[in-house]
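Here is my_file.cif, consisting of mmCIF, C-alpha atoms and all ligand atoms:
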```cif
data_input
#
loop_
_atom_site.label_atom_id
_atom_site.label_comp_id
_atom_site.auth_asym_id
_atom_site.auth_seq_id
_atom_site.Cartn_x
_atom_site.Cartn_y
_atom_site.Cartn_z
CA ASN A 15 46.59 93.21 20.52
CA ILE A 16 48.85 92.12 17.65
CA PRO A 17 52.08 90.91 19.28
CA LYS A 18 55.51 92.15 18.19
CA GLU A 19 56.94 88.63 17.98
CA GLN A 20 55.57 85.30 16.82
CA TRP A 21 56.52 81.65 16.37
CA ALA A 22 57.64 80.57 12.91
CA GLN A 23 59.44 77.75 11.12
CA VAL A 24 62.39 79.21 9.25
CA VAL A 25 64.54 77.57 6.56
CA GLU A 26 67.99 79.11 7.02
CA LYS A 27 69.81 77.28 4.26
CA THR A 28 68.94 75.16 1.25
CA GLY A 29 68.64 71.53 2.32
CA GLY A 30 67.06 72.46 5.67
CA PRO A 31 66.17 71.62 8.35
CA VAL A 32 63.51 74.10 9.50
CA HIS A 33 64.17 76.05 12.71
CA TYR A 34 61.28 76.74 15.09
CA LYS A 35 61.91 80.17 16.52
CA LYS A 36 60.52 83.60 17.33
CA ILE A 37 60.63 86.25 14.62
CA PRO A 38 59.07 89.73 14.30
CA VAL A 39 55.44 90.06 13.20
CA PRO A 40 55.44 91.79 9.76
CA LYS A 41 53.45 94.95 8.98
CA PRO A 42 51.08 95.04 5.98
CA GLY A 43 51.72 97.55 3.16
CA PRO A 44 48.91 99.77 1.79
CA ASP A 45 47.49 97.02 -0.48
CA GLU A 46 48.07 94.12 1.93
CA VAL A 47 46.41 92.35 4.83
CA LEU A 48 47.98 90.76 7.89
CA VAL A 49 46.51 87.31 8.50
CA ASN A 50 46.60 85.49 11.83
CA ILE A 51 47.26 82.02 10.43
CA LYS A 52 45.45 79.39 12.50
CA TYR A 53 46.24 76.31 10.38
CA SER A 54 48.40 75.56 7.38
CA GLY A 55 48.49 72.52 5.16
CA VAL A 56 51.91 71.09 4.32
CA CYS A 57 52.40 70.67 0.56
CA HIS A 58 55.19 68.70 -1.08
CA THR A 59 56.13 72.02 -2.71
CA ASP A 60 57.27 73.23 0.73
CA LEU A 61 59.70 70.32 0.85
CA HIS A 62 60.92 71.02 -2.73
CA ALA A 63 61.47 74.67 -1.67
CA MET A 64 63.54 73.72 1.37
CA MET A 65 65.60 71.21 -0.63
CA GLY A 66 66.24 73.63 -3.53
CA ASP A 67 64.85 71.07 -6.01
CA TRP A 68 63.82 73.50 -8.73
CA PRO A 69 65.51 75.86 -11.22
CA LEU A 70 63.84 78.84 -9.53
CA GLU A 71 65.50 81.00 -6.87
CA SER A 72 63.75 81.33 -3.49
CA LYS A 73 64.29 83.89 -0.74
CA MET A 74 66.52 82.79 2.13
CA PRO A 75 66.02 82.70 5.07
CA LEU A 76 62.53 81.55 4.18
CA VAL A 77 59.27 80.94 6.00
CA GLY A 78 57.52 78.34 3.83
CA GLY A 79 53.86 77.39 3.62
CA HIS A 80 51.07 78.29 1.18
CA GLU A 81 47.93 76.60 2.48
CA GLY A 82 47.42 79.09 5.31
CA ALA A 83 43.90 79.54 6.70
CA GLY A 84 43.33 82.36 9.14
CA ILE A 85 41.69 85.61 10.12
CA VAL A 86 42.50 89.15 8.99
CA VAL A 87 43.86 91.19 11.92
CA ALA A 88 45.15 94.31 10.12
CA ARG A 89 44.83 95.87 6.68
CA GLY A 90 46.54 98.58 4.65
CA GLU A 91 44.81 101.86 3.89
CA LEU A 92 43.91 100.88 0.31
CA VAL A 93 42.07 97.74 1.38
CA LYS A 94 38.33 98.32 1.44
CA ASP A 95 36.58 95.05 0.69
CA ILE A 96 38.11 92.84 3.39
CA LYS A 97 37.08 93.24 7.00
CA ILE A 98 39.04 92.71 10.19
CA GLY A 99 37.98 89.29 11.50
CA GLN A 100 37.19 87.88 8.05
CA LYS A 101 38.39 84.35 7.15
CA VAL A 102 40.97 84.34 4.35
CA GLY A 103 43.60 82.05 2.90
CA ILE A 104 47.25 82.58 1.98
CA LYS A 105 47.74 80.60 -1.23
CA TRP A 106 50.77 80.01 -3.51
CA ILE A 107 50.09 83.11 -5.65
CA ASN A 108 50.48 85.78 -2.96
CA GLY A 109 50.22 88.65 -5.41
CA SER A 110 50.59 89.51 -9.09
CA CYS A 111 50.98 92.73 -11.09
CA LEU A 112 47.34 92.68 -12.26
CA ALA A 113 48.38 94.61 -15.40
CA CYS A 114 50.48 92.37 -17.69
CA PRO A 115 48.96 90.48 -20.66
CA TYR A 116 48.57 87.34 -18.49
CA CYS A 117 46.97 89.12 -15.54
CA GLU A 118 44.72 90.97 -17.96
CA ARG A 119 43.30 87.58 -18.96
CA SER A 120 43.13 86.23 -15.41
CA ASP A 121 46.13 83.96 -15.93
CA GLU A 122 47.75 85.33 -12.78
CA PRO A 123 49.95 82.27 -12.14
CA LEU A 124 51.74 83.10 -15.43
CA CYS A 125 52.51 86.70 -14.36
CA GLY A 126 56.25 87.40 -14.48
CA GLY A 127 55.87 89.54 -11.36
CA ALA A 128 53.90 86.99 -9.31
CA LEU A 129 54.88 86.76 -5.63
CA LEU A 130 54.95 83.16 -4.38
CA SER A 131 53.98 82.46 -0.76
CA GLY A 132 56.56 80.38 1.04
CA TYR A 133 59.02 80.78 -1.84
CA THR A 134 59.71 84.37 -2.93
CA VAL A 135 57.83 85.89 0.04
CA ASP A 136 57.31 84.43 3.52
CA GLY A 137 54.36 82.11 3.76
CA SER A 138 52.05 80.43 6.25
CA PHE A 139 54.41 78.49 8.56
CA GLN A 140 54.16 81.41 10.98
CA GLN A 141 51.43 82.86 13.15
CA TYR A 142 51.08 86.11 11.19
CA ALA A 143 51.52 86.28 7.41
CA ILE A 144 51.12 89.01 4.79
CA GLY A 145 48.99 88.64 1.68
CA LYS A 146 48.08 91.05 -1.11
CA ALA A 147 44.43 91.89 -0.49
CA ALA A 148 43.48 91.30 -4.14
CA HIS A 149 44.80 87.74 -3.94
CA VAL A 150 44.01 86.30 -0.51
CA ALA A 151 41.39 83.57 -0.85
CA ARG A 152 37.97 84.58 0.45
CA ILE A 153 37.08 81.62 2.67
CA PRO A 154 33.31 81.27 3.24
CA GLU A 155 32.58 82.07 6.91
CA GLU A 156 30.92 78.69 7.56
CA CYS A 157 34.10 76.77 6.64
CA ASP A 158 36.28 75.26 9.35
CA LEU A 159 39.81 76.69 9.03
CA GLU A 160 41.55 73.41 9.92
CA GLU A 161 39.66 71.36 7.33
CA VAL A 162 39.70 73.94 4.57
CA ALA A 163 43.44 74.72 4.64
CA PRO A 164 44.48 72.03 2.09
CA ILE A 165 41.93 73.33 -0.44
CA LEU A 166 44.08 76.48 -0.79
CA CYS A 167 46.74 74.66 -2.82
CA ALA A 168 45.98 70.94 -3.16
CA GLY A 169 42.25 71.38 -3.81
CA LEU A 170 42.63 74.37 -6.09
CA THR A 171 45.42 72.76 -8.12
CA VAL A 172 43.67 69.46 -8.81
CA TYR A 173 40.35 71.17 -9.54
CA LYS A 174 42.10 73.37 -12.11
CA GLY A 175 44.01 70.36 -13.47
CA LEU A 176 40.76 68.45 -14.02
CA LYS A 177 39.34 71.44 -15.89
CA GLU A 178 42.51 71.66 -18.01
CA SER A 179 42.24 67.93 -18.79
CA GLY A 180 39.13 68.58 -20.87
CA ALA A 181 37.51 65.46 -19.37
CA ARG A 182 33.71 65.53 -19.54
CA PRO A 183 31.21 64.01 -17.11
CA GLY A 184 31.20 60.25 -17.62
CA ASP A 185 34.84 60.14 -18.79
CA THR A 186 37.55 58.29 -16.88
CA VAL A 187 40.71 59.99 -15.59
CA ALA A 188 43.82 58.39 -14.13
CA ILE A 189 44.98 60.07 -10.93
CA VAL A 190 48.67 59.36 -10.45
CA GLY A 191 49.82 59.86 -6.86
CA ALA A 192 46.20 59.45 -5.75
CA GLY A 193 46.99 58.68 -2.10
CA GLY A 194 49.01 61.87 -1.52
CA GLY A 195 47.85 65.36 -0.60
CA LEU A 196 46.83 66.48 -4.06
CA GLY A 197 45.70 63.02 -5.16
CA SER A 198 43.32 62.36 -2.29
CA LEU A 199 41.48 65.57 -3.19
CA ALA A 200 41.67 64.91 -6.95
CA VAL A 201 39.74 61.66 -6.53
CA GLN A 202 36.96 63.60 -4.82
CA TYR A 203 36.87 66.58 -7.21
CA ALA A 204 36.76 64.06 -10.07
CA ARG A 205 33.77 62.32 -8.53
CA ALA A 206 32.02 65.62 -7.83
CA MET A 207 32.58 66.62 -11.47
CA GLY A 208 30.96 63.40 -12.69
CA LEU A 209 34.18 61.63 -13.70
CA HIS A 210 35.29 58.06 -13.04
CA SER A 211 38.79 57.70 -11.69
CA ILE A 212 41.54 55.13 -11.78
CA ALA A 213 43.74 55.80 -8.77
CA ILE A 214 47.45 54.96 -8.98
CA ASP A 215 49.78 54.94 -5.98
CA GLY A 216 51.74 52.50 -3.84
CA GLY A 217 50.79 50.33 -0.86
CA SER A 218 47.57 49.12 0.72
CA GLU A 219 47.02 52.08 3.09
CA LYS A 220 46.80 54.48 0.13
CA GLY A 221 44.69 51.94 -1.79
CA ASP A 222 42.15 51.73 1.03
CA LEU A 223 42.05 55.50 1.33
CA VAL A 224 41.42 56.22 -2.36
CA LYS A 225 38.69 53.58 -2.64
CA LYS A 226 36.99 55.07 0.41
CA LEU A 227 37.19 58.49 -1.27
CA GLY A 228 35.44 57.27 -4.41
CA ALA A 229 38.02 55.90 -6.87
CA GLN A 230 36.59 53.12 -9.07
CA THR A 231 39.83 51.14 -9.22
CA TYR A 232 43.25 51.20 -7.61
CA VAL A 233 46.45 50.24 -9.41
CA ASP A 234 49.43 49.73 -7.09
CA PHE A 235 52.58 50.82 -8.93
CA THR A 236 54.78 48.94 -6.46
CA THR A 237 53.23 45.56 -7.31
CA SER A 238 51.85 45.95 -10.85
CA LYS A 239 53.86 43.88 -13.36
CA ASP A 240 52.65 45.92 -16.36
CA LEU A 241 51.30 49.24 -15.21
CA VAL A 242 50.35 50.49 -18.69
CA ALA A 243 48.29 47.36 -19.38
CA ASP A 244 46.69 47.43 -15.92
CA VAL A 245 45.59 51.06 -16.25
CA LYS A 246 44.14 50.47 -19.73
CA ALA A 247 42.32 47.39 -18.49
CA ALA A 248 40.84 49.43 -15.62
CA SER A 249 38.94 51.71 -18.03
CA SER A 250 35.45 50.46 -18.86
CA ASP A 251 36.06 49.86 -22.59
CA GLY A 252 39.71 48.88 -22.23
CA LEU A 253 40.95 51.78 -24.39
CA GLY A 254 42.46 53.66 -21.47
CA PRO A 255 41.47 56.81 -19.56
CA SER A 256 40.62 60.05 -21.39
CA ALA A 257 43.11 61.96 -19.28
CA ALA A 258 45.80 61.48 -16.68
CA LEU A 259 46.55 63.88 -13.82
CA LEU A 260 50.21 63.48 -12.86
CA LEU A 261 50.69 64.36 -9.22
CA ALA A 262 53.60 62.04 -8.40
CA VAL A 263 57.06 63.16 -7.39
CA GLN A 264 58.93 60.74 -9.70
CA GLU A 265 59.77 60.94 -13.38
CA LYS A 266 58.76 57.44 -14.49
CA PRO A 267 54.95 57.82 -14.25
CA PHE A 268 55.12 60.85 -16.57
CA GLN A 269 56.47 58.61 -19.37
CA GLN A 270 53.93 55.86 -18.67
CA ALA A 271 50.91 58.16 -18.90
CA THR A 272 51.45 59.00 -22.57
CA GLN A 273 51.21 55.26 -23.27
CA TYR A 274 48.03 54.39 -21.36
CA VAL A 275 45.79 57.36 -22.17
CA ARG A 276 43.36 56.61 -24.98
CA SER A 277 43.76 58.25 -28.39
CA ARG A 278 42.99 61.99 -28.09
CA GLY A 279 43.95 61.60 -24.43
CA VAL A 280 45.32 64.51 -22.41
CA VAL A 281 48.28 64.14 -20.05
CA VAL A 282 48.23 66.91 -17.44
CA CYS A 283 51.57 67.47 -15.69
CA ILE A 284 51.17 68.90 -12.17
CA GLY A 285 53.73 67.15 -9.95
CA LEU A 286 57.18 68.73 -9.99
CA PRO A 287 59.84 66.06 -9.37
CA ALA A 288 63.37 67.47 -9.32
CA HIS A 289 65.33 67.39 -12.61
CA ALA A 290 62.60 65.45 -14.42
CA ASN A 291 61.84 65.40 -18.14
CA ILE A 292 58.87 64.12 -20.06
CA SER A 293 59.28 62.57 -23.49
CA ALA A 294 56.97 60.67 -25.81
CA PRO A 295 57.37 59.03 -29.21
CA VAL A 296 56.48 61.55 -31.93
CA PHE A 297 54.80 58.92 -34.13
CA ASP A 298 52.45 57.77 -31.41
CA THR A 299 51.72 61.32 -30.28
CA VAL A 300 50.72 62.26 -33.83
CA VAL A 301 48.71 59.25 -34.94
CA ARG A 302 46.94 58.93 -31.57
CA MET A 303 46.51 62.73 -31.21
CA ILE A 304 47.89 62.81 -27.67
CA GLN A 305 48.17 66.12 -25.80
CA ILE A 306 50.74 66.81 -23.09
CA ARG A 307 50.17 69.95 -21.03
CA GLY A 308 51.11 71.59 -17.76
CA SER A 309 48.76 72.98 -15.13
CA TYR A 310 49.95 75.42 -12.48
CA VAL A 311 47.74 76.16 -9.44
CA GLY A 312 44.77 78.27 -10.60
CA ASN A 313 43.54 81.85 -10.74
CA ARG A 314 41.29 83.67 -8.27
CA ALA A 315 38.09 82.39 -9.87
CA ASP A 316 39.39 78.79 -9.75
CA THR A 317 40.15 79.38 -6.06
CA SER A 318 36.60 80.52 -5.31
CA GLU A 319 35.14 77.60 -7.26
CA ALA A 320 37.36 75.02 -5.54
CA LEU A 321 36.37 76.49 -2.15
CA ASP A 322 32.71 76.33 -3.12
CA PHE A 323 32.92 72.58 -3.84
CA PHE A 324 34.30 72.24 -0.29
CA ARG A 325 31.62 74.50 1.19
CA ARG A 326 28.92 72.34 -0.38
CA GLY A 327 30.30 69.30 1.43
CA LEU A 328 31.52 67.56 -1.74
CA ILE A 329 35.14 67.34 -0.59
CA LYS A 330 36.31 65.79 2.71
CA VAL A 331 39.99 66.44 3.26
CA PRO A 332 41.70 63.38 4.77
CA TYR A 333 44.11 65.14 7.14
CA LYS A 334 46.05 64.71 10.35
CA THR A 335 46.93 67.69 12.52
CA THR A 336 50.16 68.33 14.37
CA GLY A 337 51.85 71.39 15.88
CA LEU A 338 53.76 73.89 13.74
CA SER A 339 56.72 73.05 15.99
CA LYS A 340 56.69 69.50 14.50
CA LEU A 341 57.00 70.56 10.85
CA GLN A 342 60.34 68.83 10.31
CA ASP A 343 58.79 65.49 11.34
CA VAL A 344 56.12 66.00 8.67
CA PHE A 345 58.82 66.70 6.06
CA ASN A 346 60.64 63.51 7.07
CA LEU A 347 57.48 61.40 6.61
CA MET A 348 56.77 63.15 3.30
CA GLN A 349 60.24 62.42 1.97
CA GLU A 350 59.67 58.72 2.68
CA GLY A 351 56.29 58.81 0.88
CA LYS A 352 54.55 57.76 4.10
CA ILE A 353 51.77 60.34 4.23
CA ALA A 354 48.32 59.21 3.09
CA GLY A 355 46.32 62.42 2.55
CA ARG A 356 47.57 65.69 4.02
CA TYR A 357 49.20 67.01 7.20
CA VAL A 358 47.90 70.26 8.65
CA VAL A 359 49.91 72.23 11.23
CA ASP A 360 48.32 74.16 14.11
CA THR A 361 50.27 77.41 14.53
CA SER A 362 49.43 77.63 18.26
CA LYS A 363 51.44 74.50 19.11
O1 LIG B 1 50.53 73.98 -9.44
C1 LIG B 1 51.10 72.91 -9.44
N1 LIG B 1 51.47 72.30 -10.57
C2 LIG B 1 51.37 72.23 -8.13
C3 LIG B 1 50.67 72.63 -6.98
C4 LIG B 1 50.90 71.94 -5.80
C5 LIG B 1 51.79 70.90 -5.76
C6 LIG B 1 52.28 71.20 -8.05
N2 LIG B 1 52.48 70.57 -6.88
C7 LIG B 1 53.43 69.44 -6.87
C8 LIG B 1 54.29 69.30 -5.65
O2 LIG B 1 55.37 70.22 -5.68
C9 LIG B 1 54.71 67.87 -5.79
O3 LIG B 1 55.77 67.74 -6.72
O4 LIG B 1 52.67 68.25 -6.90
C10 LIG B 1 53.45 67.19 -6.36
C11 LIG B 1 52.63 66.41 -5.37
O5 LIG B 1 52.38 67.17 -4.20
P1 LIG B 1 51.69 66.50 -2.91
O6 LIG B 1 50.41 65.87 -3.28
O7 LIG B 1 51.73 67.53 -1.83
O8 LIG B 1 52.77 65.33 -2.57
P2 LIG B 1 52.58 63.99 -1.71
O9 LIG B 1 51.52 64.16 -0.68
O10 LIG B 1 53.94 63.61 -1.29
O11 LIG B 1 52.02 62.93 -2.77
C12 LIG B 1 52.79 62.37 -3.79
C13 LIG B 1 52.23 60.98 -4.05
O12 LIG B 1 52.84 60.45 -5.23
C14 LIG B 1 52.98 59.05 -5.03
C15 LIG B 1 53.44 58.96 -3.58
O13 LIG B 1 53.27 57.65 -3.06
C16 LIG B 1 52.53 60.00 -2.91
O14 LIG B 1 51.33 59.43 -2.42
N3 LIG B 1 53.88 58.48 -6.05
C17 LIG B 1 55.22 58.55 -6.21
I1 LIG B 1 56.48 59.61 -5.14
N4 LIG B 1 55.65 57.83 -7.26
C18 LIG B 1 54.54 57.32 -7.81
C19 LIG B 1 54.32 56.50 -8.95
N5 LIG B 1 55.34 56.05 -9.70
C20 LIG B 1 53.41 57.73 -7.06
N6 LIG B 1 52.17 57.38 -7.41
C21 LIG B 1 52.03 56.61 -8.51
N7 LIG B 1 53.06 56.17 -9.26
ZN ZN B 2 51.20 73.47 -2.80
ZN ZN B 3 50.93 90.24 -14.21
#
```

Any chance you could put this one into structure tokens?
Amino acid sequence: NIPKEQWAQVVEKTGGPVHYKKIPVPKPGPDEVLVNIKYSGVCHTDLHAMMGDWPLESKMPLVGGHEGAGIVVARGELVKDIKIGQKVGIKWINGSCLACPYCERSDEPLCGGALLSGYTVDGSFQQYAIGKAAHVARIPEECDLEEVAPILCAGLTVYKGLKESGARPGDTVAIVGAGGGLGSLAVQYARAMGLHSIAIDGGSEKGDLVKKLGAQTYVDFTTSKDLVADVKAASSDGLGPSAALLLAVQEKPFQQATQYVRSRGVVVCIGLPAHANISAPVFDTVVRMIQIRGSYVGNRADTSEALDFFRRGLIKVPYKTTGLSKLQDVFNLMQEGKIAGRYVVDTSK
């Protein structure tokens, strides 16, 4: 009962828009599964992909989406450990070679042969998507597919970023872009990991949201007269946060973070604004022992761990649901920075 055709949102040229139309249902290869996607989160990465923001070629035409939660409906002959009917997730890393020096050490996102869902292979903005069996996220059966979808990229990425930050329980981290999709989950992972957080974003709606989700303080970048001073002052001893998680889609906050983290502070770059650079004064970086690092999604173990935080009820995704057919409207809101939390699309509508 797998149909021959399905509804999908297709990017036909760089710059968009997406086209809602019927396309063929793909067939899984020997090491792949076919997933009936029920819900997909909409990540800002999907908008970057459509707009061609990055120095990385994507396939075209392209079905975007990489927070796809669904049920396995078919599997290739080599797939033994996944059952038909099992809940799985299509995440950004769709597959990797599993043999290179990076894969050998479970650094699959660094694999030169990694397949990227909704970028180099079609993703979850369709009713039936393909994933390499080794890489699809194993979603615990008790999890609701609509609520769990944003964990597959946003949750995983911020959880990994917090680990990469080296922050220890009791430390304070700045979450920059805290009211967005990644940020609203970062505030909660931080709390669950025993960290204090200083949330930074713009406007009162996002401020209310992040305080409700557990941020100790909110700094509004649209009204703060001296953001660096305000963030430092928001840490309990006034020396600044131990780490900053940069999730914003603007260059400026990347420069500010190196100034407000405390000495030995770690600046973790996660957001991917187009054509952005990060620079810091060498003197200050040396004598204050500042670290600047990148963090890119997470590996399969990080995925399982991030899902387990959700399963235990520690993470409540603040989401709104709309039909897959309305994806362009979601992109328009996202471009204007008007989404507090995450949008999830229902592939049946
Ligand atoms: O693996 C990775 N590194 C990874 C994984 C997933 C997503 C990276 N990303 C990237 C996306 O491609 C995107 O560039 O992380 C970024 C954030 O994704 P998102 O959370 O899905 O975007 P959003 O929901 O639009 O949230 C962005 C927030 O940043 C705020 C906005 O108000 C919004 O709430 N923001 C901006 I734009 N400028 C800000 C500033 N100067 C700011 N917040 C604080 N200060
Ligand atoms: Zn994403
Ligand atoms: Zn590899």

**Item:** Spatial neighbours of stretch 129-141 of chain A, 8 Å, all atoms listed in the file, chain gap at least 5 places, as a PyMOL selection string
**Value:** chain A and resi 20-23+50-52+54+60+63+71-73+76-82+104-110+338+361-362

**Prompt:** What is the atom CA of A:Arg89-atom CA of A:Pro42 distance in Å, reported with one decimal?
**Reply:** 6.3 Å

**Surrounding residues of stretch 258-260 of chain A excluding itself and chain neighbours under 6 positions, 8 Å, all atoms listed in the file, as a PyMOL selection string** = chain A and resi 175-176+179+187-191+267-268+271+275+279-285

**Asked** If you measure from atom CA of A:Glu26 to atom CA of A:Asp67, what distance in Å do you get, rounded to one decimal?
**Response**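 Calculated distance between atom CA of A:Glu26 and atom CA of A:Asp67 is 15.6 Å.
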
**Prompt:** A:Arg205, A:Lys220, A:Arg182, A:Arg325: which is nearest ligand LIG 1 (chain B), counting all atoms listed in the file?
**Reply:** A:Lys220

**Request:** Dump as a list in words all residues having an atom at most 6 Å from (41.3, 84.1, -1.0), computed in the file's coordinates with all atoms listed in the file.
**Result:**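 Every polymer residue passing the test: Val102, Gly103, His149, Val150, Ala151 and Arg152 of chain A.
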
**Request:** With only C-alpha atoms and all ligand atoms counted, collect every polymer residue having an atom within 9 Å of ligand ZN 3 (chain B); state the result as number ranges by chain.
**Result:** A: 109-118, 120-128

Using only C-alpha atoms and all ligand atoms, find each residue with an atom at most 8 Å away from ligand LIG 1 (chain B) and format the answer as an mmCIF file with C-alpha atoms, in the coordinates of the input.
```cif
data_model
loop_
_atom_site.group_PDB
_atom_site.id
_atom_site.type_symbol
_atom_site.label_atom_id
_atom_site.label_comp_id
_atom_site.auth_asym_id
_atom_site.auth_seq_id
_atom_site.Cartn_x
_atom_site.Cartn_y
_atom_site.Cartn_z
ATOM 1 C CA VAL A 56 51.910 71.090 4.320
ATOM 2 C CA CYS A 57 52.400 70.670 0.560
ATOM 3 C CA HIS A 58 55.190 68.700 -1.080
ATOM 4 C CA THR A 59 56.130 72.020 -2.710
ATOM 5 C CA ASP A 60 57.270 73.230 0.730
ATOM 6 C CA LEU A 61 59.700 70.320 0.850
ATOM 7 C CA HIS A 62 60.920 71.020 -2.730
ATOM 8 C CA CYS A 167 46.740 74.660 -2.820
ATOM 9 C CA ALA A 168 45.980 70.940 -3.160
ATOM 10 C CA THR A 171 45.420 72.760 -8.120
ATOM 11 C CA VAL A 172 43.670 69.460 -8.810
ATOM 12 C CA VAL A 190 48.670 59.360 -10.450
ATOM 13 C CA GLY A 191 49.820 59.860 -6.860
ATOM 14 C CA ALA A 192 46.200 59.450 -5.750
ATOM 15 C CA GLY A 193 46.990 58.680 -2.100
ATOM 16 C CA GLY A 194 49.010 61.870 -1.520
ATOM 17 C CA GLY A 195 47.850 65.360 -0.600
ATOM 18 C CA LEU A 196 46.830 66.480 -4.060
ATOM 19 C CA GLY A 197 45.700 63.020 -5.160
ATOM 20 C CA SER A 198 43.320 62.360 -2.290
ATOM 21 C CA ILE A 214 47.450 54.960 -8.980
ATOM 22 C CA ASP A 215 49.780 54.940 -5.980
ATOM 23 C CA GLY A 216 51.740 52.500 -3.840
ATOM 24 C CA LYS A 220 46.800 54.480 0.130
ATOM 25 C CA ASP A 234 49.430 49.730 -7.090
ATOM 26 C CA PHE A 235 52.580 50.820 -8.930
ATOM 27 C CA THR A 236 54.780 48.940 -6.460
ATOM 28 C CA LEU A 261 50.690 64.360 -9.220
ATOM 29 C CA ALA A 262 53.600 62.040 -8.400
ATOM 30 C CA VAL A 263 57.060 63.160 -7.390
ATOM 31 C CA GLN A 264 58.930 60.740 -9.700
ATOM 32 C CA GLU A 265 59.770 60.940 -13.380
ATOM 33 C CA LYS A 266 58.760 57.440 -14.490
ATOM 34 C CA PRO A 267 54.950 57.820 -14.250
ATOM 35 C CA CYS A 283 51.570 67.470 -15.690
ATOM 36 C CA ILE A 284 51.170 68.900 -12.170
ATOM 37 C CA GLY A 285 53.730 67.150 -9.950
ATOM 38 C CA LEU A 286 57.180 68.730 -9.990
ATOM 39 C CA PRO A 287 59.840 66.060 -9.370
ATOM 40 C CA GLY A 308 51.110 71.590 -17.760
ATOM 41 C CA SER A 309 48.760 72.980 -15.130
ATOM 42 C CA TYR A 310 49.950 75.420 -12.480
ATOM 43 C CA VAL A 311 47.740 76.160 -9.440
ATOM 44 C CA GLY A 312 44.770 78.270 -10.600
ATOM 45 C CA MET A 348 56.770 63.150 3.300
ATOM 46 C CA GLN A 349 60.240 62.420 1.970
ATOM 47 C CA GLY A 351 56.290 58.810 0.880
ATOM 48 C CA LYS A 352 54.550 57.760 4.100
ATOM 49 C CA ILE A 353 51.770 60.340 4.230
ATOM 50 C CA ALA A 354 48.320 59.210 3.090
ATOM 51 C CA GLY A 355 46.320 62.420 2.550
ATOM 52 C CA ARG A 356 47.570 65.690 4.020
#
```

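Picture a line from atom CA of A:Met303 to atom CA of A:Ala247; it runs 20.4 Å.
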
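Distances to ligand ZN 2 (chain B) were evaluated for A:Thr272, A:Gly169, A:Ala248, A:Gly217 using all atoms listed in the file, and the minimum falls at A:Gly169.
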
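Shortest separation to ligand ZN 2 (chain B) among A:Gly55, A:Pro69, A:Gly221, A:Gly99 occurs at residue A:Gly55, atoms counted being only C-alpha atoms and all ligand atoms.
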
Pick out the residues sitting within 10 Å of A:Ser250, and hand them over as a PDB file with C-alpha atoms, keeping the file's coordinate frame; count only C-alpha atoms, and ignore anything fewer than 3 positions along from it in its own chain.
```pdb
ATOM      1  CA  ASP A 185      34.840  60.140 -18.790  1.00  0.00           C
ATOM      2  CA  THR A 186      37.550  58.290 -16.880  1.00  0.00           C
ATOM      3  CA  HIS A 210      35.290  58.060 -13.040  1.00  0.00           C
ATOM      4  CA  LYS A 246      44.140  50.470 -19.730  1.00  0.00           C
ATOM      5  CA  ALA A 247      42.320  47.390 -18.490  1.00  0.00           C
ATOM      6  CA  LEU A 253      40.950  51.780 -24.390  1.00  0.00           C
ATOM      7  CA  GLY A 254      42.460  53.660 -21.470  1.00  0.00           C
ATOM      8  CA  PRO A 255      41.470  56.810 -19.560  1.00  0.00           C
TER       9      PRO A 255
END
```

**Request:** Starting from the point (61.8, 71.3, 10.3), work out which residues of protein, DNA or RNA have an atom no more than 6 Å away when counting only C-alpha atoms; state them as a list in words.
**Result:** Pro31, Val32, His33, Leu341 and Gln342 of chain A

Go ahead and write the residues just picked, C-alpha atoms, as a PDB file, in the coordinates of the input.
```pdb
ATOM      1  CA  PRO A  31      66.170  71.620   8.350  1.00  0.00           C
ATOM      2  CA  VAL A  32      63.510  74.100   9.500  1.00  0.00           C
ATOM      3  CA  HIS A  33      64.170  76.050  12.710  1.00  0.00           C
ATOM      4  CA  LEU A 341      57.000  70.560  10.850  1.00  0.00           C
ATOM      5  CA  GLN A 342      60.340  68.830  10.310  1.00  0.00           C
TER       6      GLN A 342
END
```

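Using all atoms listed in the file for every distance, the candidate list A:Pro183, A:Lys94, A:Ile165, A:Thr231 yields A:Ile165 as the residue closest to ligand ZN 2 (chain B).
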
**Asked** Nearest to A:Ile304: which of A:Phe323, A:Ser277, A:Val93, A:Ala288 is it, counting all atoms listed in the file?
**Response** A:Ser277

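Minimum atom-to-atom distances from A:Gly337, A:Gly30, A:Gly66, A:Pro164 to A:His289 were compared using all atoms listed in the file, and the lowest value belongs to A:Gly66.
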